[in-house]
file input.pdb (PDB, C-alpha atoms)
ATOM      1  CA  VAL A1483      -7.585 -12.567  -5.371  1.00  0.00           C
ATOM      2  CA  GLY A1484      -5.501  -9.852  -3.778  1.00  0.00           C
ATOM      3  CA  PHE A1485      -2.714  -7.486  -4.738  1.00  0.00           C
ATOM      4  CA  VAL A1486       0.070  -6.317  -2.427  1.00  0.00           C
ATOM      5  CA  ARG A1487       2.889  -3.782  -2.565  1.00  0.00           C
ATOM      6  CA  ASN A1488       6.362  -3.518  -1.075  1.00  0.00           C
ATOM      7  CA  PRO A1489       5.742  -1.692   2.233  1.00  0.00           C
ATOM      8  CA  TRP A1490       8.827   0.536   1.948  1.00  0.00           C
ATOM      9  CA  SER A1491       7.829   1.604  -1.551  1.00  0.00           C
ATOM     10  CA  TRP A1492       4.183   2.042  -0.601  1.00  0.00           C
ATOM     11  CA  LEU A1493       4.970   4.362   2.324  1.00  0.00           C
ATOM     12  CA  VAL A1494       7.161   6.582   0.129  1.00  0.00           C
ATOM     13  CA  SER A1495       4.372   6.741  -2.446  1.00  0.00           C
ATOM     14  CA  TYR A1496       1.768   7.533   0.236  1.00  0.00           C
ATOM     15  CA  TYR A1497       4.001  10.210   1.723  1.00  0.00           C
ATOM     16  CA  SER A1498       4.816  11.739  -1.685  1.00  0.00           C
ATOM     17  CA  TYR A1499       1.164  11.905  -2.690  1.00  0.00           C
ATOM     18  CA  HIS A1500       0.404  13.765   0.520  1.00  0.00           C
ATOM     19  CA  GLN A1501       3.097  16.327  -0.305  1.00  0.00           C
ATOM     20  CA  THR A1502       1.220  17.376  -3.443  1.00  0.00           C
ATOM     21  CA  ASP A1503      -1.828  19.579  -3.833  1.00  0.00           C
ATOM     22  CA  ALA A1504      -3.730  16.728  -5.497  1.00  0.00           C
ATOM     23  CA  LEU A1505      -5.113  15.595  -2.156  1.00  0.00           C
ATOM     24  CA  SER A1506      -6.820  18.913  -1.477  1.00  0.00           C
ATOM     25  CA  ARG A1507      -8.230  19.049  -5.036  1.00  0.00           C
ATOM     26  CA  LYS A1508      -9.683  15.571  -5.352  1.00  0.00           C
ATOM     27  CA  GLY A1509      -9.200  13.720  -2.068  1.00  0.00           C
ATOM     28  CA  VAL A1510      -8.353  10.060  -1.670  1.00  0.00           C
ATOM     29  CA  LEU A1511      -9.949   7.243  -3.645  1.00  0.00           C
ATOM     30  CA  ALA A1512     -11.732   5.006  -1.137  1.00  0.00           C
ATOM     31  CA  ASP A1513     -14.738   2.757  -1.613  1.00  0.00           C
ATOM     32  CA  GLY A1514     -14.823   3.743  -5.296  1.00  0.00           C
ATOM     33  CA  HIS A1515     -15.218   7.476  -4.611  1.00  0.00           C
ATOM     34  CA  TYR A1516     -12.885  10.365  -3.922  1.00  0.00           C
ATOM     35  CA  GLN A1517     -13.279  11.413  -0.314  1.00  0.00           C
ATOM     36  CA  GLN A1518     -11.968  14.636   1.150  1.00  0.00           C
ATOM     37  CA  ARG A1519      -9.625  14.258   4.094  1.00  0.00           C
ATOM     38  CA  GLN A1520      -7.506  16.643   6.047  1.00  0.00           C
ATOM     39  CA  ASN A1521      -3.915  16.480   4.851  1.00  0.00           C
ATOM     40  CA  ARG A1522      -1.970  16.163   8.078  1.00  0.00           C
ATOM     41  CA  PHE A1523       1.238  15.060   6.326  1.00  0.00           C
ATOM     42  CA  LYS A1524       1.888  18.003   3.964  1.00  0.00           C
ATOM     43  CA  GLY A1525       5.208  19.614   4.788  1.00  0.00           C
ATOM     44  CA  VAL A1526       6.099  16.975   7.381  1.00  0.00           C
ATOM     45  CA  PRO A1527       9.624  15.543   6.918  1.00  0.00           C
ATOM     46  CA  PHE A1528       9.646  11.881   5.879  1.00  0.00           C
ATOM     47  CA  ARG A1529      11.320  10.825   9.155  1.00  0.00           C
ATOM     48  CA  ASP A1530       8.483  12.455  11.141  1.00  0.00           C
ATOM     49  CA  PHE A1531       5.889  10.868   8.846  1.00  0.00           C
ATOM     50  CA  LEU A1532       7.373   7.428   9.618  1.00  0.00           C
ATOM     51  CA  GLY A1533       7.176   8.245  13.319  1.00  0.00           C
ATOM     52  CA  MET A1534       3.472   9.042  12.915  1.00  0.00           C
ATOM     53  CA  VAL A1535       2.890   5.763  11.062  1.00  0.00           C
ATOM     54  CA  GLU A1536       4.735   3.833  13.747  1.00  0.00           C
ATOM     55  CA  GLU A1537       2.794   5.506  16.552  1.00  0.00           C
ATOM     56  CA  GLU A1538      -0.569   4.880  14.875  1.00  0.00           C
ATOM     57  CA  GLU A1539       0.206   1.206  14.316  1.00  0.00           C
ATOM     58  CA  LEU A1540       1.614   0.724  17.817  1.00  0.00           C
ATOM     59  CA  ASN A1541      -1.528   2.264  19.297  1.00  0.00           C
ATOM     60  CA  SER A1542      -3.907   0.215  17.164  1.00  0.00           C
ATOM     61  CA  ASP A1543      -5.163  -3.271  17.809  1.00  0.00           C
ATOM     62  CA  SER A1544      -2.402  -4.965  15.827  1.00  0.00           C
ATOM     63  CA  GLU A1545      -4.568  -7.960  14.989  1.00  0.00           C
ATOM     64  CA  GLY A1546      -7.713  -5.932  14.398  1.00  0.00           C
ATOM     65  CA  LYS A1547      -8.847  -4.938  10.961  1.00  0.00           C
ATOM     66  CA  GLY A1548     -10.179  -1.518  10.176  1.00  0.00           C
ATOM     67  CA  SER A1549     -11.273   0.341   7.119  1.00  0.00           C
ATOM     68  CA  GLN A1550      -8.631   1.986   4.973  1.00  0.00           C
ATOM     69  CA  LEU A1551      -9.952   5.374   6.035  1.00  0.00           C
ATOM     70  CA  LYS A1552      -9.863   4.608   9.767  1.00  0.00           C
ATOM     71  CA  ARG A1553      -6.579   2.685   9.761  1.00  0.00           C
ATOM     72  CA  PRO A1554      -4.691   3.623   6.583  1.00  0.00           C
ATOM     73  CA  PHE A1555      -1.353   2.096   7.596  1.00  0.00           C
ATOM     74  CA  GLN A1556      -2.499  -1.356   8.616  1.00  0.00           C
ATOM     75  CA  PRO A1557      -0.542  -4.266   7.190  1.00  0.00           C
ATOM     76  CA  GLN A1558      -1.818  -5.662   3.907  1.00  0.00           C
ATOM     77  CA  TYR A1559      -2.191  -9.205   5.177  1.00  0.00           C
ATOM     78  CA  ASN A1560      -5.202  -7.999   7.202  1.00  0.00           C
ATOM     79  CA  TYR A1561      -7.144  -7.732   3.948  1.00  0.00           C
ATOM     80  CA  LEU A1562      -6.176 -11.201   2.729  1.00  0.00           C
ATOM     81  CA  ILE A1563      -6.511 -13.568   5.696  1.00  0.00           C
ATOM     82  CA  ASP A1564      -9.461 -15.423   7.164  1.00  0.00           C
ATOM     83  CA  MET A1565     -10.562 -15.621  10.806  1.00  0.00           C
ATOM     84  CA  ASP A1566      -7.932 -18.309  11.463  1.00  0.00           C
ATOM     85  CA  GLY A1567      -5.108 -16.136  10.133  1.00  0.00           C
ATOM     86  CA  LYS A1568      -4.696 -18.207   6.977  1.00  0.00           C
ATOM     87  CA  LEU A1569      -4.433 -16.729   3.498  1.00  0.00           C
ATOM     88  CA  ALA A1570      -8.000 -16.563   2.191  1.00  0.00           C
ATOM     89  CA  VAL A1571      -7.172 -15.907  -1.465  1.00  0.00           C
ATOM     90  CA  ASP A1572      -5.753 -18.219  -4.091  1.00  0.00           C
ATOM     91  CA  PHE A1573      -3.881 -15.546  -6.031  1.00  0.00           C
ATOM     92  CA  VAL A1574      -1.702 -12.722  -4.703  1.00  0.00           C
ATOM     93  CA  GLY A1575      -0.443 -10.326  -7.329  1.00  0.00           C
ATOM     94  CA  ARG A1576       2.149  -7.638  -6.808  1.00  0.00           C
ATOM     95  CA  TYR A1577       1.902  -3.945  -7.561  1.00  0.00           C
ATOM     96  CA  GLU A1578       5.476  -4.128  -8.814  1.00  0.00           C
ATOM     97  CA  ASN A1579       4.301  -6.535 -11.559  1.00  0.00           C
ATOM     98  CA  LEU A1580       0.765  -5.244 -11.903  1.00  0.00           C
ATOM     99  CA  ALA A1581       0.274  -5.545 -15.676  1.00  0.00           C
ATOM    100  CA  GLU A1582       2.005  -8.930 -15.839  1.00  0.00           C
ATOM    101  CA  ASP A1583       0.132 -10.312 -12.829  1.00  0.00           C
ATOM    102  CA  TRP A1584      -3.168  -8.993 -14.221  1.00  0.00           C
ATOM    103  CA  ARG A1585      -2.592 -10.914 -17.459  1.00  0.00           C
ATOM    104  CA  LEU A1586      -1.648 -14.021 -15.443  1.00  0.00           C
ATOM    105  CA  LEU A1587      -4.813 -13.684 -13.357  1.00  0.00           C
ATOM    106  CA  CYS A1588      -6.956 -13.316 -16.473  1.00  0.00           C
ATOM    107  CA  GLY A1589      -5.364 -16.470 -17.855  1.00  0.00           C
ATOM    108  CA  ASN A1590      -5.927 -18.350 -14.577  1.00  0.00           C
ATOM    109  CA  LEU A1591      -9.585 -17.330 -14.619  1.00  0.00           C
ATOM    110  CA  SER A1592      -9.909 -18.212 -18.317  1.00  0.00           C
ATOM    111  CA  LEU A1593     -10.860 -14.650 -19.164  1.00  0.00           C
ATOM    112  CA  THR A1594      -9.936 -14.930 -22.791  1.00  0.00           C
ATOM    113  CA  GLN A1595     -12.095 -12.121 -24.060  1.00  0.00           C
ATOM    114  CA  ASN A1596      -9.895  -9.370 -25.365  1.00  0.00           C
ATOM    115  CA  ARG A1597     -11.524  -6.636 -23.269  1.00  0.00           C
ATOM    116  CA  HIS A1598     -10.358  -8.206 -19.988  1.00  0.00           C
ATOM    117  CA  ARG A1599      -6.945  -9.525 -20.934  1.00  0.00           C
ATOM    118  CA  SER A1600      -5.850  -6.309 -22.651  1.00  0.00           C
ATOM    119  CA  MET A1601      -7.506  -3.945 -20.189  1.00  0.00           C
ATOM    120  CA  GLU A1602      -5.101  -1.309 -18.893  1.00  0.00           C
ATOM    121  CA  LEU A1603      -5.412  -0.849 -15.152  1.00  0.00           C
ATOM    122  CA  GLN A1604      -5.619   2.811 -14.191  1.00  0.00           C
ATOM    123  CA  HIS A1605      -3.395   4.430 -11.579  1.00  0.00           C
ATOM    124  CA  HIS A1606      -5.135   6.649  -9.041  1.00  0.00           C
ATOM    125  CA  ASN A1607      -3.582   8.775  -6.295  1.00  0.00           C
ATOM    126  CA  THR A1608      -0.271   8.882  -8.168  1.00  0.00           C
ATOM    127  CA  SER A1609       2.838  10.750  -7.070  1.00  0.00           C
ATOM    128  CA  ASN A1610       6.322  11.430  -8.385  1.00  0.00           C
ATOM    129  CA  HIS A1611       9.291  10.503  -6.229  1.00  0.00           C
ATOM    130  CA  SER A1612      12.804   9.093  -6.326  1.00  0.00           C
ATOM    131  CA  ASP A1613      13.663   5.444  -5.736  1.00  0.00           C
ATOM    132  CA  TYR A1614      12.085   4.538  -2.419  1.00  0.00           C
ATOM    133  CA  LYS A1615      15.401   3.321  -0.976  1.00  0.00           C
ATOM    134  CA  THR A1616      16.800   6.870  -1.036  1.00  0.00           C
ATOM    135  CA  TYR A1617      14.220   7.967   1.554  1.00  0.00           C
ATOM    136  CA  TYR A1618      15.393   5.593   4.282  1.00  0.00           C
ATOM    137  CA  SER A1619      18.271   5.430   6.701  1.00  0.00           C
ATOM    138  CA  ASP A1620      19.023   1.963   8.098  1.00  0.00           C
ATOM    139  CA  LYS A1621      17.121   2.875  11.254  1.00  0.00           C
ATOM    140  CA  GLU A1622      14.057   4.067   9.318  1.00  0.00           C
ATOM    141  CA  ALA A1623      14.056   0.960   7.112  1.00  0.00           C
ATOM    142  CA  GLU A1624      14.046  -1.115  10.303  1.00  0.00           C
ATOM    143  CA  VAL A1625      10.973   0.761  11.594  1.00  0.00           C
ATOM    144  CA  VAL A1626       9.069  -0.322   8.479  1.00  0.00           C
ATOM    145  CA  ARG A1627      10.408  -3.869   8.842  1.00  0.00           C
ATOM    146  CA  ARG A1628       8.985  -4.044  12.392  1.00  0.00           C
ATOM    147  CA  ILE A1629       5.578  -2.588  11.486  1.00  0.00           C
ATOM    148  CA  TYR A1630       5.100  -4.724   8.383  1.00  0.00           C
ATOM    149  CA  GLU A1631       6.962  -7.859   9.456  1.00  0.00           C
ATOM    150  CA  LYS A1632       4.065 -10.195   8.610  1.00  0.00           C
ATOM    151  CA  ASP A1633       3.595  -8.604   5.176  1.00  0.00           C
ATOM    152  CA  ILE A1634       7.317  -8.895   4.470  1.00  0.00           C
ATOM    153  CA  LEU A1635       7.408 -12.568   5.489  1.00  0.00           C
ATOM    154  CA  MET A1636       4.077 -13.583   3.976  1.00  0.00           C
ATOM    155  CA  PHE A1637       4.678 -11.912   0.603  1.00  0.00           C
ATOM    156  CA  GLY A1638       8.462 -12.236   0.375  1.00  0.00           C
ATOM    157  CA  TYR A1639       9.420  -8.582   0.333  1.00  0.00           C
ATOM    158  CA  SER A1640      12.845  -7.162   1.140  1.00  0.00           C
ATOM    159  CA  PHE A1641      14.295  -3.704   1.319  1.00  0.00           C
TER     160      PHE A1641
END
call {"tool": "encode", "arguments": {"input": "input.pdb", "output": "structure tokens"}}
result
Amino acid sequence: VGFVRNPWSWLVSYYSYHQTDALSRKGVLADGHYQQRQNRFKGVPFRDFLGMVEEEELNSDSEGKGSQLKRPFQPQYNYLIDMDGKLAVDFVGRYENLAEDWRLLCGNLSLTQNRHRSMELQHHNTSNHSDYKTYYSDKEAEVVRRIYEKDILMFGYSF
């Protein structure tokens, strides 16, 4: 089981969260705990943020997996494939349909007890922002398309 998110939307959300003071108050949820991290993105224009993401991913081992803390912008497929590069999960839900896909997953797993099927999934590290498409020029949208090409193809995302 895995859940994925539209990469263009995810980057806007990540950027927006890092523009708030919430990061300095509680940190980032990782490995089940809030961890303090230096906020190197606060006050950085979105275009420059995308440039930082692109540089980090270009300078990383593109096929190598790392922890979310060490390589926060790695493509999502890295978490869901096996050693042969094949999808290692039998269910991929989408953040965009989280509640619906959660109910579908519970049904697929025959989790009929009310406490699982009706459980509300909590949002952590939330931010407020406009529609993600308003953040991108054509050129910037193409940068994300290049970085996350495998995610876009594997999970059927589009701008």
call {"tool": "residues_around", "arguments": {"input": "input.pdb", "residues": "Leu1532 (chain A)", "least_positions_apart": "5", "cutoff": "9 Å", "atoms": "only C-alpha atoms", "output": "JSON, numbers by chain"}}
result
{"A": [1493, 1527, 1537, 1622, 1625, 1626]}
call {"tool": "residues_near_point", "arguments": {"input": "input.pdb", "point": "(-1.8, -9.6, -7.6)", "cutoff": "7 Å", "atoms": "only C-alpha atoms", "output": "number ranges by chain"}}
result
A: 1483-1486, 1573-1577, 1580, 1583-1584
call {"tool": "closest_residue", "arguments": {"input": "input.pdb", "among": "A:Tyr1614, A:Pro1489, A:Asn1590, A:Asp1564", "to": "Glu1631 (chain A)", "atoms": "only C-alpha atoms"}}
result
A:Pro1489
call {"tool": "axis_aligned_box", "arguments": {"input": "input.pdb", "around": "region 1563-1576 of chain A", "padding_each_side": "6 Å", "output": "lines of an AutoDock Vina configuration file"}}
result
center_x = -4.2
center_y = -13.0
center_z = 2.1
size_x = 24.7
size_y = 22.7
size_z = 30.8
call {"tool": "closest_residue", "arguments": {"input": "input.pdb", "among": "A:Lys1621, A:Leu1591, A:Asn1488, A:Ile1563", "to": "Phe1641 (chain A)", "atoms": "only C-alpha atoms"}}
result
A:Asn1488
call {"tool": "closest_residue", "arguments": {"input": "input.pdb", "among": "A:Thr1616, A:Asn1560, A:Thr1608, A:Ser1640", "to": "Tyr1496 (chain A)", "atoms": "only C-alpha atoms"}}
result
A:Thr1608
call {"tool": "resolve_selection", "arguments": {"input": "input.pdb", "expression": "the PyMOL selection byres ((chain A and resi 1528) around 12)", "output": "MDAnalysis selection string"}}
result
chainID A and resid 1493:1498 1500:1501 1523:1527 1529:1535 1614 1616:1619 1622:1623
call {"tool": "atom_distance", "arguments": {"input": "input.pdb", "atom1": "CA of Arg1522 (chain A)", "atom2": "CA of Tyr1499 (chain A)"}}
result
12.0 Å
call {"tool": "atom_distance", "arguments": {"input": "input.pdb", "atom1": "CA of Arg1628 (chain A)", "atom2": "CA of Trp1490 (chain A)"}}
result
11.4 Å
call {"tool": "closest_residue", "arguments": {"input": "input.pdb", "among": "A:Thr1502, A:Lys1615, A:Leu1635, A:Tyr1630", "to": "Glu1539 (chain A)", "atoms": "only C-alpha atoms"}}
result
A:Tyr1630
call {"tool": "atom_distance", "arguments": {"input": "input.pdb", "atom1": "CA of Glu1624 (chain A)", "atom2": "CA of Leu1540 (chain A)"}}
result
14.6 Å
call {"tool": "closest_residue", "arguments": {"input": "input.pdb", "among": "A:Ser1491, A:Cys1588, A:Ile1629, A:Asn1579", "to": "Ser1542 (chain A)", "atoms": "all atoms listed in the file"}}
result
A:Ile1629
